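Structure file data_38.cif; described as mmCIF, C-alpha atoms, pLDDT in the B column; chains and numbers go by the auth columns.
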```
data_model
#
loop_
_atom_site.group_PDB
_atom_site.id
_atom_site.type_symbol
_atom_site.label_atom_id
_atom_site.label_comp_id
_atom_site.label_asym_id
_atom_site.label_seq_id
_atom_site.Cartn_x
_atom_site.Cartn_y
_atom_site.Cartn_z
_atom_site.B_iso_or_equiv
_atom_site.auth_seq_id
_atom_site.auth_asym_id
ATOM 1 C CA MET A 1 9.678 3.045 0.020 77.00 25 U
ATOM 2 C CA GLN A 2 8.137 3.524 -3.394 85.00 26 U
ATOM 3 C CA ASP A 3 9.950 0.371 -4.580 87.00 27 U
ATOM 4 C CA THR A 4 8.408 -1.582 -1.697 88.00 28 U
ATOM 5 C CA LEU A 5 4.953 -0.384 -2.750 88.00 29 U
ATOM 6 C CA PHE A 6 5.565 -1.148 -6.429 89.00 30 U
ATOM 7 C CA ASP A 7 6.886 -4.630 -5.580 90.00 31 U
ATOM 8 C CA PHE A 8 3.705 -5.312 -3.618 89.00 32 U
ATOM 9 C CA ILE A 9 1.456 -4.045 -6.434 90.00 33 U
ATOM 10 C CA SER A 10 3.373 -6.144 -8.978 89.00 34 U
ATOM 11 C CA LYS A 11 2.115 -9.291 -7.219 89.00 35 U
ATOM 12 C CA TYR A 12 -1.343 -8.368 -8.518 89.00 36 U
ATOM 13 C CA ILE A 13 -0.884 -6.252 -11.641 89.00 37 U
ATOM 14 C CA SER A 14 1.994 -5.048 -13.787 90.00 38 U
ATOM 15 C CA LEU A 15 2.689 -1.321 -13.826 88.00 39 U
ATOM 16 C CA THR A 16 3.853 0.890 -16.654 89.00 40 U
ATOM 17 C CA GLU A 17 6.069 3.893 -15.965 91.00 41 U
ATOM 18 C CA ASP A 18 3.030 6.175 -16.496 88.00 42 U
ATOM 19 C CA GLU A 19 1.107 4.256 -13.833 87.00 43 U
ATOM 20 C CA LYS A 20 4.029 4.428 -11.400 89.00 44 U
ATOM 21 C CA ASN A 21 4.346 8.170 -11.999 89.00 45 U
ATOM 22 C CA ALA A 22 0.595 8.629 -11.494 87.00 46 U
ATOM 23 C CA ILE A 23 0.844 6.882 -8.115 86.00 47 U
ATOM 24 C CA LEU A 24 3.853 8.968 -7.092 87.00 48 U
ATOM 25 C CA SER A 25 2.046 12.178 -8.086 87.00 49 U
ATOM 26 C CA LEU A 26 -0.618 11.433 -5.450 85.00 50 U
ATOM 27 C CA ASP A 27 1.870 12.153 -2.626 86.00 51 U
ATOM 28 C CA LEU A 28 0.790 9.086 -0.632 88.00 52 U
ATOM 29 C CA PHE A 29 3.800 8.495 1.621 92.00 53 U
ATOM 30 C CA ARG A 30 3.732 9.539 5.289 94.00 54 U
ATOM 31 C CA SER A 31 6.250 8.998 8.095 95.00 55 U
ATOM 32 C CA VAL A 32 4.394 8.735 11.378 97.00 56 U
ATOM 33 C CA LYS A 33 5.907 8.617 14.877 98.00 57 U
ATOM 34 C CA LYS A 34 5.245 5.899 17.435 97.00 58 U
ATOM 35 C CA GLY A 35 2.266 6.821 19.611 97.00 59 U
ATOM 36 C CA THR A 36 0.585 8.988 16.962 98.00 60 U
ATOM 37 C CA THR A 37 -3.190 8.590 16.879 98.00 61 U
ATOM 38 C CA LEU A 38 -4.341 8.356 13.259 98.00 62 U
ATOM 39 C CA LEU A 39 -8.054 8.171 14.070 98.00 63 U
ATOM 40 C CA LYS A 40 -10.038 8.847 17.242 97.00 64 U
ATOM 41 C CA LYS A 41 -13.407 7.499 18.298 97.00 65 U
ATOM 42 C CA GLY A 42 -16.104 9.912 17.154 97.00 66 U
ATOM 43 C CA GLN A 43 -13.943 11.348 14.367 97.00 67 U
ATOM 44 C CA LYS A 44 -14.899 11.127 10.714 96.00 68 U
ATOM 45 C CA SER A 45 -12.236 10.242 8.162 95.00 69 U
ATOM 46 C CA GLN A 46 -11.745 9.527 4.494 94.00 70 U
ATOM 47 C CA ASP A 47 -8.272 8.028 4.882 95.00 71 U
ATOM 48 C CA SER A 48 -7.222 4.483 4.060 94.00 72 U
ATOM 49 C CA TYR A 49 -3.811 3.184 5.105 95.00 73 U
ATOM 50 C CA PHE A 50 -1.229 0.787 3.742 93.00 74 U
ATOM 51 C CA VAL A 51 1.681 -0.096 6.023 96.00 75 U
ATOM 52 C CA LEU A 52 5.031 -0.049 4.239 94.00 76 U
ATOM 53 C CA LYS A 53 7.031 -0.183 7.465 96.00 77 U
ATOM 54 C CA GLY A 54 5.965 -0.293 11.092 97.00 78 U
ATOM 55 C CA CYS A 55 2.901 -1.361 13.030 98.00 79 U
ATOM 56 C CA ILE A 56 -0.479 0.243 13.675 98.00 80 U
ATOM 57 C CA ARG A 57 -3.346 -1.044 15.768 98.00 81 U
ATOM 58 C CA ILE A 58 -7.079 -0.697 16.167 97.00 82 U
ATOM 59 C CA TYR A 59 -8.448 -0.446 19.677 98.00 83 U
ATOM 60 C CA TYR A 60 -11.665 0.424 21.470 97.00 84 U
ATOM 61 C CA ILE A 61 -11.964 1.926 24.925 97.00 85 U
ATOM 62 C CA VAL A 62 -14.468 -0.092 26.944 95.00 86 U
ATOM 63 C CA ASP A 63 -15.131 0.946 30.546 95.00 87 U
ATOM 64 C CA GLY A 64 -11.904 2.969 30.516 94.00 88 U
ATOM 65 C CA GLU A 65 -9.812 0.012 29.292 95.00 89 U
ATOM 66 C CA GLU A 66 -8.163 -0.337 25.876 96.00 90 U
ATOM 67 C CA LYS A 67 -9.297 -3.403 23.914 97.00 91 U
ATOM 68 C CA THR A 68 -7.012 -4.093 20.944 97.00 92 U
ATOM 69 C CA THR A 69 -8.736 -5.868 18.069 95.00 93 U
ATOM 70 C CA ALA A 70 -6.149 -5.775 15.269 95.00 94 U
ATOM 71 C CA PHE A 71 -2.540 -5.093 14.368 96.00 95 U
ATOM 72 C CA TYR A 72 -1.466 -4.090 10.874 96.00 96 U
ATOM 73 C CA THR A 73 2.174 -4.520 9.859 96.00 97 U
ATOM 74 C CA GLU A 74 4.191 -4.444 6.638 95.00 98 U
ATOM 75 C CA MET A 75 2.081 -4.947 3.500 92.00 99 U
ATOM 76 C CA ASP A 76 -1.253 -4.762 5.354 92.00 100 U
ATOM 77 C CA ALA A 77 -4.031 -2.461 4.177 92.00 101 U
ATOM 78 C CA LEU A 78 -6.680 -0.857 6.358 93.00 102 U
ATOM 79 C CA THR A 79 -9.769 1.081 5.406 93.00 103 U
ATOM 80 C CA PRO A 80 -11.580 2.075 8.609 95.00 104 U
ATOM 81 C CA HIS A 81 -15.310 1.307 8.759 93.00 105 U
ATOM 82 C CA CYS A 82 -16.088 4.995 9.194 94.00 106 U
ATOM 83 C CA VAL A 83 -14.698 5.674 5.714 94.00 107 U
ATOM 84 C CA ILE A 84 -17.104 3.197 4.158 91.00 108 U
ATOM 85 C CA ASN A 85 -20.230 4.057 6.151 93.00 109 U
ATOM 86 C CA LYS A 86 -19.393 7.797 6.368 93.00 110 U
ATOM 87 C CA ALA A 87 -20.126 7.856 10.094 96.00 111 U
ATOM 88 C CA PRO A 88 -17.988 8.741 13.109 97.00 112 U
ATOM 89 C CA SER A 89 -15.420 6.108 14.033 97.00 113 U
ATOM 90 C CA GLU A 90 -16.252 3.604 16.752 97.00 114 U
ATOM 91 C CA TYR A 91 -12.567 2.998 17.528 98.00 115 U
ATOM 92 C CA PHE A 92 -9.051 4.427 17.614 98.00 116 U
ATOM 93 C CA ILE A 93 -6.119 3.741 15.279 98.00 117 U
ATOM 94 C CA SER A 94 -2.617 4.477 16.522 98.00 118 U
ATOM 95 C CA CYS A 95 1.004 3.731 15.678 98.00 119 U
ATOM 96 C CA VAL A 96 2.688 1.079 17.819 98.00 120 U
ATOM 97 C CA GLU A 97 6.032 1.880 16.134 97.00 121 U
ATOM 98 C CA ASP A 98 7.471 4.624 13.984 97.00 122 U
ATOM 99 C CA SER A 99 5.767 3.814 10.685 97.00 123 U
ATOM 100 C CA ILE A 100 5.843 4.636 7.004 95.00 124 U
ATOM 101 C CA LEU A 101 2.358 4.505 5.528 96.00 125 U
ATOM 102 C CA THR A 102 0.626 5.325 2.326 93.00 126 U
ATOM 103 C CA VAL A 103 -2.468 7.387 3.041 94.00 127 U
ATOM 104 C CA SER A 104 -5.131 7.621 0.372 92.00 128 U
ATOM 105 C CA ASN A 105 -8.777 8.576 0.165 91.00 129 U
ATOM 106 C CA ALA A 106 -11.771 7.797 -2.034 86.00 130 U
ATOM 107 C CA ASP A 107 -11.161 10.795 -4.322 88.00 131 U
ATOM 108 C CA MET A 108 -7.606 9.620 -5.045 88.00 132 U
ATOM 109 C CA GLU A 109 -8.836 6.086 -5.676 85.00 133 U
ATOM 110 C CA VAL A 110 -11.550 7.278 -8.073 86.00 134 U
ATOM 111 C CA GLU A 111 -8.979 9.373 -9.939 84.00 135 U
ATOM 112 C CA ILE A 112 -6.467 6.542 -10.286 83.00 136 U
ATOM 113 C CA ASN A 113 -9.162 3.956 -11.130 84.00 137 U
ATOM 114 C CA SER A 114 -10.604 6.155 -13.872 85.00 138 U
ATOM 115 C CA LYS A 115 -7.171 6.651 -15.435 82.00 139 U
ATOM 116 C CA PHE A 116 -6.037 3.053 -14.915 83.00 140 U
ATOM 117 C CA PRO A 117 -8.972 0.616 -14.552 85.00 141 U
ATOM 118 C CA LYS A 118 -6.743 -2.321 -13.639 86.00 142 U
ATOM 119 C CA PHE A 119 -6.230 -0.740 -10.199 86.00 143 U
ATOM 120 C CA GLU A 120 -9.894 -1.392 -9.485 86.00 144 U
ATOM 121 C CA LEU A 121 -9.318 -5.091 -10.174 86.00 145 U
ATOM 122 C CA MET A 122 -6.341 -5.131 -7.811 86.00 146 U
ATOM 123 C CA CYS A 123 -8.366 -3.389 -5.086 84.00 147 U
ATOM 124 C CA ARG A 124 -11.171 -5.931 -5.475 87.00 148 U
ATOM 125 C CA ILE A 125 -8.732 -8.851 -5.166 88.00 149 U
ATOM 126 C CA LEU A 126 -7.132 -7.255 -2.087 87.00 150 U
ATOM 127 C CA ALA A 127 -10.538 -6.667 -0.514 86.00 151 U
ATOM 128 C CA GLU A 128 -11.544 -10.288 -1.105 91.00 152 U
ATOM 129 C CA GLU A 129 -8.267 -11.535 0.415 90.00 153 U
ATOM 130 C CA LEU A 130 -8.676 -9.259 3.428 86.00 154 U
ATOM 131 C CA LEU A 131 -12.279 -10.308 3.984 89.00 155 U
ATOM 132 C CA ALA A 132 -11.345 -14.004 3.859 92.00 156 U
ATOM 133 C CA LYS A 133 -8.426 -13.443 6.276 88.00 157 U
ATOM 134 C CA GLN A 134 -10.593 -11.501 8.714 88.00 158 U
ATOM 135 C CA GLN A 135 -13.269 -14.204 8.671 92.00 159 U
ATOM 136 C CA ILE A 136 -10.670 -16.887 9.433 90.00 160 U
ATOM 137 C CA ASP A 137 -9.171 -14.737 12.221 87.00 161 U
ATOM 138 C CA PHE A 138 -12.609 -14.056 13.705 89.00 162 U
ATOM 139 C CA ASP A 139 -13.622 -17.719 13.590 92.00 163 U
ATOM 140 C CA GLU A 140 -10.321 -18.770 15.140 89.00 164 U
ATOM 141 C CA PHE A 141 -10.700 -16.220 17.930 88.00 165 U
ATOM 142 C CA LYS A 142 -14.257 -17.334 18.724 91.00 166 U
ATOM 143 C CA THR A 143 -13.464 -21.057 18.720 94.00 167 U
ATOM 144 C CA SER A 144 -10.092 -21.156 20.492 94.00 168 U
ATOM 145 C CA SER A 145 -8.812 -20.781 24.030 92.00 169 U
ATOM 146 C CA PRO A 146 -6.412 -17.983 24.998 92.00 170 U
ATOM 147 C CA GLU A 147 -3.556 -20.495 24.933 92.00 171 U
ATOM 148 C CA GLN A 148 -4.493 -21.671 21.448 94.00 172 U
ATOM 149 C CA ARG A 149 -4.695 -18.030 20.311 94.00 173 U
ATOM 150 C CA TYR A 150 -1.243 -17.324 21.730 94.00 174 U
ATOM 151 C CA LEU A 151 0.263 -20.422 20.109 93.00 175 U
ATOM 152 C CA SER A 152 -1.356 -19.449 16.810 93.00 176 U
ATOM 153 C CA LEU A 153 0.094 -15.942 17.157 93.00 177 U
ATOM 154 C CA ILE A 154 3.574 -17.400 17.757 92.00 178 U
ATOM 155 C CA GLN A 155 3.181 -19.541 14.648 93.00 179 U
ATOM 156 C CA ASN A 156 1.512 -17.050 12.294 92.00 180 U
ATOM 157 C CA ARG A 157 2.721 -13.635 13.473 93.00 181 U
ATOM 158 C CA PRO A 158 5.813 -14.183 15.651 94.00 182 U
ATOM 159 C CA ASP A 159 7.085 -10.659 14.966 94.00 183 U
ATOM 160 C CA LEU A 160 4.249 -9.201 17.063 95.00 184 U
ATOM 161 C CA ILE A 161 5.611 -10.895 20.195 93.00 185 U
ATOM 162 C CA GLN A 162 8.724 -8.667 19.978 93.00 186 U
ATOM 163 C CA ARG A 163 7.143 -5.558 18.496 95.00 187 U
ATOM 164 C CA VAL A 164 4.040 -5.007 20.584 96.00 188 U
ATOM 165 C CA PRO A 165 3.852 -4.085 24.292 96.00 189 U
ATOM 166 C CA GLN A 166 2.644 -6.988 26.444 95.00 190 U
ATOM 167 C CA HIS A 167 -0.527 -5.204 27.620 95.00 191 U
ATOM 168 C CA GLN A 168 -1.608 -4.605 23.997 96.00 192 U
ATOM 169 C CA LEU A 169 -0.781 -8.185 23.055 96.00 193 U
ATOM 170 C CA ALA A 170 -2.776 -9.501 26.029 96.00 194 U
ATOM 171 C CA SER A 171 -5.740 -7.321 25.072 95.00 195 U
ATOM 172 C CA TYR A 172 -5.547 -8.600 21.484 95.00 196 U
ATOM 173 C CA LEU A 173 -5.648 -12.176 22.808 95.00 197 U
ATOM 174 C CA GLY A 174 -8.638 -11.329 25.016 93.00 198 U
ATOM 175 C CA ILE A 175 -6.817 -11.749 28.349 95.00 199 U
ATOM 176 C CA LYS A 176 -5.213 -9.636 31.085 94.00 200 U
ATOM 177 C CA PRO A 177 -1.427 -9.003 31.012 94.00 201 U
ATOM 178 C CA GLN A 178 -0.975 -11.123 34.161 95.00 202 U
ATOM 179 C CA SER A 179 -2.739 -14.032 32.448 94.00 203 U
ATOM 180 C CA LEU A 180 -0.432 -13.660 29.450 94.00 204 U
ATOM 181 C CA SER A 181 2.609 -13.833 31.760 93.00 205 U
ATOM 182 C CA ARG A 182 1.266 -17.023 33.381 94.00 206 U
ATOM 183 C CA LEU A 183 0.418 -18.479 29.962 93.00 207 U
ATOM 184 C CA ARG A 184 3.946 -17.817 28.668 91.00 208 U
ATOM 185 C CA ALA A 185 5.466 -19.367 31.801 91.00 209 U
ATOM 186 C CA ARG A 186 3.273 -22.481 31.442 91.00 210 U
ATOM 187 C CA ILE A 187 4.271 -22.918 27.792 88.00 211 U
ATOM 188 C CA LEU A 188 7.977 -22.458 28.598 86.00 212 U
ATOM 189 C CA GLU A 189 7.703 -24.944 31.465 88.00 213 U
ATOM 190 C CA ARG A 190 6.173 -27.562 29.142 87.00 214 U
ATOM 191 C CA LYS A 191 8.960 -27.072 26.599 82.00 215 U
ATOM 192 C CA SER A 192 11.708 -27.697 29.157 77.00 216 U
#
```

Show this structure as structure tokens.
Amino acid sequence: MQDTLFDFISKYISLTEDEKNAILSLDLFRSVKKGTTLLKKGQKSQDSYFVLKGCIRIYYIVDGEEKTTAFYTEMDALTPHCVINKAPSEYFISCVEDSILTVSNADMEVEINSKFPKFELMCRILAEELLAKQQIDFDEFKTSSPEQRYLSLIQNRPDLIQRVPQHQLASYLGIKPQSLSRLRARILERKS
């Protein structure tokens, strides 16, 4: 898994052996079982996550119903809002699949950035990319119909269709599971 992480980092910056060893010394890697809750509503946390393998999701509970707002899969990074604003979390984060994550915190990041300033540059670039992606996703969600969202999901993230339970997928698309079943049937009917 360390090679997967180093390959990802090498897309942004080159690493010396000292830098690789410094990262490994932080003991970042965690294997987490499917169904594990990483963060609960009301909980404070300092942890940021990077998915090396698997799938995690963010969801809220509204009127007793789970509302999924995001899925993070291989090579996705997530820093929960509660880490940044140092307040209790407004949502839950859980593992949809058995996952291998890197788990870091602000203290680790300060330590690594002070020793190797180029990591700060990489983190800034990643943050800018993530912000741009989230803005596009948000705009697309607000301006599209459920069918358009589903078709976009098939085109841009087809792996989620197989990896995520239908009720979570429906929630992510902003519809009920029954509506997702009807939507899928309609699309299949049109194709035949």

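Coordinates place atom CA of Arg210 of chain U at a distance of 18.8 Å from atom CA of Gln186 of chain U.
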
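When you apply the PyMOL selection byres ((chain U and resi 126-131) around 8) to this structure, what comes back is Leu52, Phe53, Arg54, Gln70, Asp71, Ser72, Tyr73, Phe74, Val75, Leu76, Ile124, Leu125, Met132, Glu133, Val134 and Glu135 of chain U.
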
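The environment of Val188 of chain U within 9 Å, counting all atoms listed in the file and disregarding residues fewer than 5 places along the same chain, consists of Cys79, Val120, Glu121, Asp183 and Leu193 of chain U.
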
Report task. Can you give me, as a list in words, the residues this file yields under the PyMOL selection byres ((chain U and resi 170) around 9)? Result -> Phe165, Ser168, Ser169, Glu171, Gln172, Arg173, Tyr174, Leu175, Leu197, Gly198, Ile199, Leu204 and Leu207 of chain U

Query raised in the report: Of the residues U:Gln26, U:Leu150, U:Ser123, U:Ala111, which is the one nearest to Leu50 of chain U, using only C-alpha atoms?
Result: U:Gln26

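Note on the selection: in this file the PyMOL selection byres ((chain U and resi 66) around 10) comes out as Leu63, Lys64, Lys65, Gln67, Lys68, Ser69, Cys106, Ala111, Pro112, Ser113, Glu114, Tyr115 and Phe116 of chain U.
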
Query raised in the report: Taking (-1.6, -6.2, -12.3) in the file's coordinates as the center, which residues reach within 12 Å of it, counting only C-alpha atoms, put as a list of chain:residue names?
Result: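 Output of the proximity query reads U:Phe30, U:Asp31, U:Phe32, U:Ile33, U:Ser34, U:Lys35, U:Tyr36, U:Ile37, U:Ser38, U:Leu39, U:Thr40, U:Glu43, U:Phe140, U:Pro141, U:Lys142, U:Phe143, U:Glu144, U:Leu145, U:Met146, U:Cys147, U:Arg148, U:Ile149, U:Leu150.
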
Residue selection dump (C-alpha atoms) as a PDB file, in the coordinates of the input:
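Wrote it out as out_3.pdb, contents follow:
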```pdb
ATOM      1  CA  PHE U  30       5.565  -1.148  -6.429  1.00 89.00           C
ATOM      2  CA  ASP U  31       6.886  -4.630  -5.580  1.00 90.00           C
ATOM      3  CA  PHE U  32       3.705  -5.312  -3.618  1.00 89.00           C
ATOM      4  CA  ILE U  33       1.456  -4.045  -6.434  1.00 90.00           C
ATOM      5  CA  SER U  34       3.373  -6.144  -8.978  1.00 89.00           C
ATOM      6  CA  LYS U  35       2.115  -9.291  -7.219  1.00 89.00           C
ATOM      7  CA  TYR U  36      -1.343  -8.368  -8.518  1.00 89.00           C
ATOM      8  CA  ILE U  37      -0.884  -6.252 -11.641  1.00 89.00           C
ATOM      9  CA  SER U  38       1.994  -5.048 -13.787  1.00 90.00           C
ATOM     10  CA  LEU U  39       2.689  -1.321 -13.826  1.00 88.00           C
ATOM     11  CA  THR U  40       3.853   0.890 -16.654  1.00 89.00           C
ATOM     12  CA  GLU U  43       1.107   4.256 -13.833  1.00 87.00           C
ATOM     13  CA  PHE U 140      -6.037   3.053 -14.915  1.00 83.00           C
ATOM     14  CA  PRO U 141      -8.972   0.616 -14.552  1.00 85.00           C
ATOM     15  CA  LYS U 142      -6.743  -2.321 -13.639  1.00 86.00           C
ATOM     16  CA  PHE U 143      -6.230  -0.740 -10.199  1.00 86.00           C
ATOM     17  CA  GLU U 144      -9.894  -1.392  -9.485  1.00 86.00           C
ATOM     18  CA  LEU U 145      -9.318  -5.091 -10.174  1.00 86.00           C
ATOM     19  CA  MET U 146      -6.341  -5.131  -7.811  1.00 86.00           C
ATOM     20  CA  CYS U 147      -8.366  -3.389  -5.086  1.00 84.00           C
ATOM     21  CA  ARG U 148     -11.171  -5.931  -5.475  1.00 87.00           C
ATOM     22  CA  ILE U 149      -8.732  -8.851  -5.166  1.00 88.00           C
ATOM     23  CA  LEU U 150      -7.132  -7.255  -2.087  1.00 87.00           C
TER      24      LEU U 150
END
```

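Considering only C-alpha atoms, the residue among U:Glu90, U:Glu41, U:Glu152, U:Glu164 positioned nearest to Tyr196 of chain U is U:Glu90.
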
Query - Separation of atom CA of Pro104 of chain U from atom CA of Leu62 of chain U, in Å and rounded to one decimal - result: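 Computing it gives 10.7 Å between the two atoms.
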
Requested in this report: Measure the distance from atom CA of Asp51 of chain U to atom CA of Asp27 of chain U in Å and round it to one decimal.
Outcome: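 Distance reported for this atom pair: 14.4 Å.
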
Query raised in the report: Which is closer to Tyr84 of chain U than all the others in U:Thr167, U:Ser138, U:Gln158, U:Ser118, using all atoms listed in the file?
Result: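 Ranking U:Thr167, U:Ser138, U:Gln158, U:Ser118 by distance to Tyr84 of chain U, first place goes to U:Ser118.
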